[in-house]
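Data from final_10.cif: mmCIF, C-alpha atoms and all ligand atoms
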data_data
#
loop_
_atom_site.group_PDB
_atom_site.id
_atom_site.type_symbol
_atom_site.label_atom_id
_atom_site.label_comp_id
_atom_site.auth_asym_id
_atom_site.auth_seq_id
_atom_site.Cartn_x
_atom_site.Cartn_y
_atom_site.Cartn_z
ATOM 1 C CA MET A 1 107.682 106.730 113.351
ATOM 2 C CA LYS A 2 109.090 107.359 109.874
ATOM 3 C CA THR A 3 108.624 110.838 108.415
ATOM 4 C CA ALA A 4 108.846 112.398 104.965
ATOM 5 C CA LEU A 5 108.836 115.999 103.760
ATOM 6 C CA LEU A 6 107.746 117.307 100.398
ATOM 7 C CA LEU A 7 110.880 119.380 99.685
ATOM 8 C CA SER A 8 110.575 121.832 96.811
ATOM 9 C CA GLY A 9 113.913 123.404 97.668
ATOM 10 C CA GLY A 10 112.278 126.773 98.396
ATOM 11 C CA MET A 11 113.065 128.569 101.628
ATOM 12 C CA ASP A 12 109.922 127.378 103.417
ATOM 13 C CA SER A 13 110.482 123.671 102.858
ATOM 14 C CA VAL A 14 114.241 124.040 103.444
ATOM 15 C CA SER A 15 113.500 125.649 106.831
ATOM 16 C CA ILE A 16 111.139 122.792 107.682
ATOM 17 C CA ALA A 17 113.757 120.216 106.634
ATOM 18 C CA TYR A 18 116.199 121.685 109.147
ATOM 19 C CA TRP A 19 113.506 122.111 111.830
ATOM 20 C CA LYS A 20 111.885 118.671 111.567
ATOM 21 C CA MET A 21 114.742 116.554 110.137
ATOM 22 C CA PRO A 22 112.545 114.090 108.213
ATOM 23 C CA ASN A 23 113.833 110.608 107.417
ATOM 24 C CA ILE A 24 113.141 111.178 103.721
ATOM 25 C CA ALA A 25 112.750 114.307 101.597
ATOM 26 C CA ILE A 26 110.815 113.989 98.356
ATOM 27 C CA THR A 27 111.267 116.434 95.478
ATOM 28 C CA ILE A 28 108.910 116.156 92.534
ATOM 29 C CA ASP A 29 109.780 117.236 89.012
ATOM 30 C CA TYR A 30 106.292 117.719 87.600
ATOM 31 C CA GLY A 31 107.484 119.661 84.588
ATOM 32 C CA GLN A 32 107.775 123.042 86.320
ATOM 33 C CA ARG A 33 110.240 125.492 84.751
ATOM 34 C CA PRO A 34 112.442 125.909 87.852
ATOM 35 C CA ALA A 35 112.690 122.120 88.456
ATOM 36 C CA PRO A 36 116.476 121.860 87.798
ATOM 37 C CA GLY A 37 117.144 124.671 90.299
ATOM 38 C CA GLU A 38 114.747 123.174 92.850
ATOM 39 C CA ILE A 39 116.353 119.731 92.570
ATOM 40 C CA ARG A 40 119.857 121.179 92.880
ATOM 41 C CA ALA A 41 118.848 123.151 95.993
ATOM 42 C CA ALA A 42 116.981 120.257 97.597
ATOM 43 C CA SER A 43 119.836 117.826 96.912
ATOM 44 C CA ALA A 44 122.418 120.178 98.429
ATOM 45 C CA VAL A 45 120.318 120.717 101.547
ATOM 46 C CA CYS A 46 119.704 116.981 102.023
ATOM 47 C CA SER A 47 123.373 116.234 101.527
ATOM 48 C CA SER A 48 124.310 118.868 104.137
ATOM 49 C CA LEU A 49 121.756 117.607 106.645
ATOM 50 C CA GLY A 50 122.203 113.881 106.032
ATOM 51 C CA ILE A 51 118.591 113.398 104.876
ATOM 52 C CA GLU A 52 117.791 110.706 102.300
ATOM 53 C CA HIS A 53 116.634 112.479 99.138
ATOM 54 C CA GLN A 54 114.282 110.978 96.604
ATOM 55 C CA ILE A 55 113.428 112.689 93.314
ATOM 56 C CA LEU A 56 110.248 111.695 91.497
ATOM 57 C CA THR A 57 109.478 112.672 87.910
ATOM 58 C CA VAL A 58 105.823 112.857 86.899
ATOM 59 C CA ASP A 59 105.448 115.344 84.088
ATOM 60 C CA ILE A 60 102.114 117.202 84.111
ATOM 61 C CA ALA A 61 103.441 120.258 82.253
ATOM 62 C CA ALA A 62 100.872 119.760 79.514
ATOM 63 C CA LEU A 63 98.094 120.174 82.091
ATOM 64 C CA GLY A 64 99.292 123.335 83.860
ATOM 65 C CA SER A 65 99.399 127.040 83.126
ATOM 66 C CA GLY A 66 101.044 129.980 84.878
ATOM 67 C CA ASP A 67 104.460 131.354 85.866
ATOM 68 C CA LEU A 68 105.899 127.919 86.666
ATOM 69 C CA SER A 69 104.738 126.372 83.410
ATOM 70 C CA ASP A 70 105.540 126.981 79.767
ATOM 71 C CA GLN A 71 101.973 128.103 79.177
ATOM 72 C CA PRO A 72 100.847 131.626 80.107
ATOM 73 C CA PRO A 73 98.323 132.083 82.914
ATOM 74 C CA VAL A 74 94.767 131.568 81.719
ATOM 75 C CA SER A 75 92.524 134.554 82.254
ATOM 76 C CA GLY A 76 90.526 134.353 85.449
ATOM 77 C CA ALA A 77 92.835 131.765 87.047
ATOM 78 C CA PRO A 78 92.938 132.263 90.838
ATOM 79 C CA ALA A 79 96.645 131.350 91.001
ATOM 80 C CA SER A 80 99.422 132.974 88.940
ATOM 81 C CA GLU A 81 101.964 130.203 89.713
ATOM 82 C CA TRP A 82 100.180 127.092 88.464
ATOM 83 C CA TRP A 83 96.606 126.398 87.598
ATOM 84 C CA PRO A 84 94.680 124.143 88.108
ATOM 85 C CA TYR A 85 96.065 123.703 91.624
ATOM 86 C CA ARG A 86 98.731 121.019 91.971
ATOM 87 C CA ASN A 87 99.171 120.232 95.682
ATOM 88 C CA GLN A 88 96.493 117.530 95.728
ATOM 89 C CA PHE A 89 98.304 115.788 92.883
ATOM 90 C CA LEU A 90 101.778 116.265 94.403
ATOM 91 C CA LEU A 91 100.671 114.919 97.787
ATOM 92 C CA THR A 92 99.120 111.895 96.105
ATOM 93 C CA VAL A 93 102.328 111.141 94.178
ATOM 94 C CA ALA A 94 104.449 111.600 97.322
ATOM 95 C CA ALA A 95 102.037 109.431 99.331
ATOM 96 C CA MET A 96 102.506 106.576 96.888
ATOM 97 C CA ARG A 97 106.260 106.690 97.542
ATOM 98 C CA CYS A 98 105.666 107.122 101.297
ATOM 99 C CA HIS A 99 103.552 103.995 101.300
ATOM 100 C CA ALA A 100 106.352 102.024 99.635
ATOM 101 C CA GLU A 101 108.858 103.393 102.174
ATOM 102 C CA GLY A 102 106.751 102.693 105.270
ATOM 103 C CA VAL A 103 106.381 106.386 106.103
ATOM 104 C CA ASN A 104 103.756 107.211 108.761
ATOM 105 C CA ARG A 105 103.831 111.005 108.600
ATOM 106 C CA MET A 106 104.176 113.195 105.522
ATOM 107 C CA MET A 107 104.805 116.936 105.836
ATOM 108 C CA ILE A 108 104.075 119.733 103.393
ATOM 109 C CA GLY A 109 105.383 123.289 103.658
ATOM 110 C CA ALA A 110 102.139 125.293 103.642
ATOM 111 C CA LEU A 111 102.268 128.556 105.592
ATOM 112 C CA LYS A 112 99.665 130.849 107.134
ATOM 113 C CA SER A 113 100.474 133.300 104.340
ATOM 114 C CA ASP A 114 99.696 130.675 101.646
ATOM 115 C CA GLY A 115 96.033 130.709 102.656
ATOM 116 C CA PHE A 116 95.021 132.750 99.628
ATOM 117 C CA HIS A 117 95.576 129.553 97.628
ATOM 118 C CA ALA A 118 92.797 127.044 98.202
ATOM 119 C CA ASP A 119 95.388 124.225 98.280
ATOM 120 C CA GLY A 120 97.545 125.959 100.922
ATOM 121 C CA THR A 121 95.026 126.243 103.738
ATOM 122 C CA ARG A 122 94.654 124.353 107.004
ATOM 123 C CA VAL A 123 91.269 123.115 105.786
ATOM 124 C CA PHE A 124 92.887 121.654 102.644
ATOM 125 C CA VAL A 125 95.647 119.894 104.618
ATOM 126 C CA ASP A 126 93.109 118.491 107.102
ATOM 127 C CA ALA A 127 90.946 117.241 104.231
ATOM 128 C CA MET A 128 93.947 115.560 102.577
ATOM 129 C CA ASN A 129 94.840 113.976 105.916
ATOM 130 C CA GLU A 130 91.338 112.509 106.143
ATOM 131 C CA LEU A 131 91.504 111.335 102.551
ATOM 132 C CA PHE A 132 94.815 109.511 103.082
ATOM 133 C CA ALA A 133 93.411 107.903 106.226
ATOM 134 C CA LEU A 134 90.686 106.432 104.015
ATOM 135 C CA GLN A 135 93.036 105.585 101.164
ATOM 136 C CA GLU A 136 96.566 104.724 102.371
ATOM 137 C CA GLY A 137 95.623 103.974 105.970
ATOM 138 C CA GLU A 138 98.387 104.829 108.405
ATOM 139 C CA LEU A 139 99.730 107.874 106.584
ATOM 140 C CA ALA A 140 99.098 111.232 108.312
ATOM 141 C CA VAL A 141 99.549 114.527 106.459
ATOM 142 C CA GLU A 142 100.706 117.610 108.353
ATOM 143 C CA ALA A 143 101.686 121.191 107.634
ATOM 144 C CA PRO A 144 103.928 121.979 110.633
ATOM 145 C CA ALA A 145 104.381 125.631 109.606
ATOM 146 C CA ILE A 146 100.723 126.401 108.882
ATOM 147 C CA GLY A 147 100.620 128.847 111.838
ATOM 148 C CA PHE A 148 103.632 130.849 110.609
ATOM 149 C CA ASP A 149 104.515 133.299 107.885
ATOM 150 C CA ALA A 150 107.863 132.864 106.074
ATOM 151 C CA VAL A 151 109.867 135.042 108.466
ATOM 152 C CA GLU A 152 108.380 133.388 111.555
ATOM 153 C CA LEU A 153 109.200 129.968 110.091
ATOM 154 C CA VAL A 154 112.851 130.822 109.407
ATOM 155 C CA ARG A 155 113.215 132.170 112.945
ATOM 156 C CA THR A 156 111.386 129.241 114.578
ATOM 157 C CA SER A 157 113.323 126.634 112.603
ATOM 158 C CA LYS A 158 116.667 128.280 113.498
ATOM 159 C CA VAL A 159 117.886 127.181 110.050
ATOM 160 C CA PRO A 160 121.488 128.421 109.581
ATOM 161 C CA MET A 161 122.059 130.881 106.751
ATOM 162 C CA ASP A 162 124.556 128.567 105.028
ATOM 163 C CA ILE A 163 121.746 126.011 104.637
ATOM 164 C CA LEU A 164 119.031 128.529 103.754
ATOM 165 C CA ALA A 165 121.308 130.080 101.146
ATOM 166 C CA TRP A 166 120.900 126.912 99.041
ATOM 167 C CA SER A 167 117.156 127.445 98.714
ATOM 168 C CA HIS A 168 115.695 128.123 95.287
ATOM 169 C CA SER A 169 112.458 130.103 95.274
ATOM 170 C CA CYS A 170 112.283 131.390 91.701
ATOM 171 C CA HIS A 171 109.060 130.492 89.892
ATOM 172 C CA VAL A 172 110.276 130.919 86.348
ATOM 173 C CA ALA A 173 113.871 129.718 85.946
ATOM 174 C CA GLU A 174 116.663 127.374 87.032
ATOM 175 C CA PHE A 175 118.606 130.357 88.364
ATOM 176 C CA ALA A 176 116.960 133.149 90.372
ATOM 177 C CA CYS A 177 115.477 135.723 87.967
ATOM 178 C CA GLY A 178 115.275 138.314 90.738
ATOM 179 C CA PHE A 179 111.886 139.641 89.670
ATOM 180 C CA CYS A 180 109.178 136.995 90.001
ATOM 181 C CA ARG A 181 106.916 136.631 93.022
ATOM 182 C CA GLY A 182 109.008 133.725 94.350
ATOM 183 C CA CYS A 183 112.249 135.707 94.113
ATOM 184 C CA ARG A 184 110.683 138.793 95.698
ATOM 185 C CA LYS A 185 109.371 136.753 98.611
ATOM 186 C CA HIS A 186 112.842 135.191 98.987
ATOM 187 C CA TYR A 187 114.573 138.575 99.155
ATOM 188 C CA ASP A 188 111.924 140.103 101.435
ATOM 189 C CA THR A 189 112.212 137.183 103.852
ATOM 190 C CA MET A 190 116.026 137.225 103.826
ATOM 191 C CA GLU A 191 115.971 140.957 104.460
ATOM 192 C CA ALA A 192 113.508 140.650 107.322
ATOM 193 C CA VAL A 193 115.529 137.863 108.947
ATOM 194 C CA ASN A 194 119.034 139.180 108.240
ATOM 195 C CA GLY A 195 118.749 142.849 107.576
ATOM 196 C CA SER A 196 120.164 141.984 104.150
ATOM 197 C CA ALA A 197 118.644 140.438 101.039
ATOM 198 C CA TYR A 198 121.599 138.071 100.528
HETATM 199 ZN ZN ZN B 201 112.404 134.469 89.974
#

What is this file in structure tokens?
Ligand SMILES: [Zn+2]
Amino acid sequence: MKTALLLSGGMDSVSIAYWKMPNIAITIDYGQRPAPGEIRAASAVCSSLGIEHQILTVDIAALGSGDLSDQPPVSGAPASEWWPYRNQFLLTVAAMRCHAEGVNRMMIGALKSDGFHADGTRVFVDAMNELFALQEGELAVEAPAIGFDAVELVRTSKVPMDILAWSHSCHVAEFACGFCRGCRKHYDTMEAVNGSAY
């Protein structure tokens, strides 16, 4: 069994990297504003944990809008981060690399609390799993943390703070802005786990 993890470098996927120790971690630069920070974080975590790290660049910046993109959110968009939703695309890109690497199981860091995004639900992950079974054959898609919120995941994974401290959750910049939804979630989770935001 060869496994891969879609590693954005945020605290959720970093926790899963420690918890599940995939053979390969894949970070995708799809033209998102925080990409340099995400790649730096993901590379540091993989280096610390001895996980092979692969970085793919597939720039779809011209197609996205929202906090993570250079284009402001379009009115009526159901997601402030990136719209139209990107996880279907990112999983497809990662699956192409997984196929080349002989990976049987690909993991994505969707949480229970991501369910307000249509591409972060258990139903979405199950549908993608079925689609890959039709398309790539032996490649299963799983969201091992889909039953947890961020705090439950950190606690379950037992990820050490010196690893988690590398994580980059900011939606808008290479270095944490401290104000966006990603940064606020990061601080709230750290505070809940540690009793301190840092
Ligand atoms: Zn931020």

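When all atoms listed in the file are used to measure the gap to Phe179 (chain A), the shortest distance among A:Asp67, A:Phe148, A:Gly10, A:Leu139 belongs to A:Asp67.
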
Q: Go through the chains and note each residue within 9 Å of ligand ZN 201 (chain B), using only C-alpha atoms and all ligand atoms, then give the set as a ChimeraX atom specification.
A: /A:34,168-184

May I have the residues from that selection written out with C-alpha atoms, as an mmCIF file, in the coordinates of the input?
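Saved file selection16.cif follows:
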data_model
loop_
_atom_site.group_PDB
_atom_site.id
_atom_site.type_symbol
_atom_site.label_atom_id
_atom_site.label_comp_id
_atom_site.auth_asym_id
_atom_site.auth_seq_id
_atom_site.Cartn_x
_atom_site.Cartn_y
_atom_site.Cartn_z
ATOM 1 C CA PRO A 34 112.442 125.909 87.852
ATOM 2 C CA HIS A 168 115.695 128.123 95.287
ATOM 3 C CA SER A 169 112.458 130.103 95.274
ATOM 4 C CA CYS A 170 112.283 131.390 91.701
ATOM 5 C CA HIS A 171 109.060 130.492 89.892
ATOM 6 C CA VAL A 172 110.276 130.919 86.348
ATOM 7 C CA ALA A 173 113.871 129.718 85.946
ATOM 8 C CA GLU A 174 116.663 127.374 87.032
ATOM 9 C CA PHE A 175 118.606 130.357 88.364
ATOM 10 C CA ALA A 176 116.960 133.149 90.372
ATOM 11 C CA CYS A 177 115.477 135.723 87.967
ATOM 12 C CA GLY A 178 115.275 138.314 90.738
ATOM 13 C CA PHE A 179 111.886 139.641 89.670
ATOM 14 C CA CYS A 180 109.178 136.995 90.001
ATOM 15 C CA ARG A 181 106.916 136.631 93.022
ATOM 16 C CA GLY A 182 109.008 133.725 94.350
ATOM 17 C CA CYS A 183 112.249 135.707 94.113
ATOM 18 C CA ARG A 184 110.683 138.793 95.698
#

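For the atom pair formed by CA of Cys46 (chain A) and CA of Ile28 (chain A), the distance is 14.4 Å, given to one decimal.
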
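Between CA of Lys2 (chain A) and CA of Ile60 (chain A) the interatomic distance comes to 28.4 Å.
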
Q: Evaluate the PyMOL selection byres (((chain A and resi 65) around 10) and not hetatm) and record the selected residues as JSON, numbers by chain, following the chain and residue labels used in the document.
A: {"A": [32, 61, 62, 63, 64, 66, 67, 68, 69, 70, 71, 72, 73, 74, 77, 79, 80, 81, 82, 83, 84, 85]}

Q: May I have the protein, DNA and RNA residues with any atom at most 10 Å from the point (112.1, 129.5, 106.4), counting only C-alpha atoms, written as a ChimeraX atom specification?
A: /A:10-19,109,111,145,148-160,164,167,186,189-190,193

Expected file contents, prior selection, C-alpha atoms, as a compact mmCIF listing (two decimals), keeping the file's coordinate frame:
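The file below, out28.txt, is the result:
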# COMPACT_ATOMS: atom_id res chain seq x y z
CA GLY A 10 112.28 126.77 98.40
CA MET A 11 113.06 128.57 101.63
CA ASP A 12 109.92 127.38 103.42
CA SER A 13 110.48 123.67 102.86
CA VAL A 14 114.24 124.04 103.44
CA SER A 15 113.50 125.65 106.83
CA ILE A 16 111.14 122.79 107.68
CA ALA A 17 113.76 120.22 106.63
CA TYR A 18 116.20 121.68 109.15
CA TRP A 19 113.51 122.11 111.83
CA GLY A 109 105.38 123.29 103.66
CA LEU A 111 102.27 128.56 105.59
CA ALA A 145 104.38 125.63 109.61
CA PHE A 148 103.63 130.85 110.61
CA ASP A 149 104.52 133.30 107.88
CA ALA A 150 107.86 132.86 106.07
CA VAL A 151 109.87 135.04 108.47
CA GLU A 152 108.38 133.39 111.56
CA LEU A 153 109.20 129.97 110.09
CA VAL A 154 112.85 130.82 109.41
CA ARG A 155 113.22 132.17 112.94
CA THR A 156 111.39 129.24 114.58
CA SER A 157 113.32 126.63 112.60
CA LYS A 158 116.67 128.28 113.50
CA VAL A 159 117.89 127.18 110.05
CA PRO A 160 121.49 128.42 109.58
CA LEU A 164 119.03 128.53 103.75
CA SER A 167 117.16 127.44 98.71
CA HIS A 186 112.84 135.19 98.99
CA THR A 189 112.21 137.18 103.85
CA MET A 190 116.03 137.22 103.83
CA VAL A 193 115.53 137.86 108.95

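Between CA of Asp188 (chain A) and CA of His117 (chain A) the interatomic distance comes to 19.8 Å.
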
Q. Which polymer residues have any atom within 10 Å of an atom of Glu101 (chain A), counting only C-alpha atoms, with same-chain residues fewer than 4 positions away left out, as an MDAnalysis selection string?
A. chainID A and resid 2:4 24 95:97

Taking every listed atom of region 163-178 of chain A and adding 4 Å to each side, what centre and edge lengths in Å (one decimal) does the axis-aligned box have, as JSON?
{"center_x": 115.4, "center_y": 132.2, "center_z": 95.3, "size_x": 20.7, "size_y": 20.3, "size_z": 26.7}

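Shortest atom-to-atom contact with Glu136 (chain A) among A:Ala118, A:Val123, A:Ala94, A:Ile108: A:Ala94, counting all atoms listed in the file.
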
Q. Which neighbours of Ala41 (chain A) fall inside 7 Å, counting only C-alpha atoms, when residues of the same chain fewer than 2 positions from it are skipped, and could you give them as a ChimeraX atom specification?
A. /A:9,37-39,43-45,166-168

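Distance annotation: of A:Val125, A:Ala143, A:Cys98, A:Ala165, the residue with the minimal separation from Tyr187 (chain A) is A:Ala165; atom set is all atoms listed in the file.
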
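Residues in contact with Gly137 (chain A) at up to 12 Å, not including ones fewer than 2 positions away on its chain and judged by all atoms listed in the file, are Ala95, Met96, Cys98, His99, Gly102, Val103, Asn104, Arg105, Asn129, Glu130, Leu131, Phe132, Ala133, Leu134, Gln135, Leu139, Ala140 and Val141 of chain A.
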
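Distance check against Ala42 (chain A) using only C-alpha atoms: of A:Leu6, A:Ile146, A:Ala110, A:Met128, the minimum falls on A:Leu6.
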
Q) Which of these residues is nearest to Leu49 (chain A), using all atoms listed in the file: A:Ser8, A:Asn23, A:Thr92, A:Asn194? A) A:Asn23

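Checking A:Tyr30, A:Met107, A:Gly120, A:Asp126 one by one against Pro144 (chain A), counting all atoms listed in the file, you find the shortest gap at A:Met107.
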
Would you list the residues near (128.7, 123.5, 105.0) (no more than 9 Å away, in the coordinates of the file, using all atoms listed in the file) as an mmCIF file with C-alpha atoms, keeping the file's coordinate frame?
data_model
loop_
_atom_site.group_PDB
_atom_site.id
_atom_site.type_symbol
_atom_site.label_atom_id
_atom_site.label_comp_id
_atom_site.auth_asym_id
_atom_site.auth_seq_id
_atom_site.Cartn_x
_atom_site.Cartn_y
_atom_site.Cartn_z
ATOM 1 C CA SER A 48 124.310 118.868 104.137
ATOM 2 C CA ASP A 162 124.556 128.567 105.028
ATOM 3 C CA ILE A 163 121.746 126.011 104.637
#
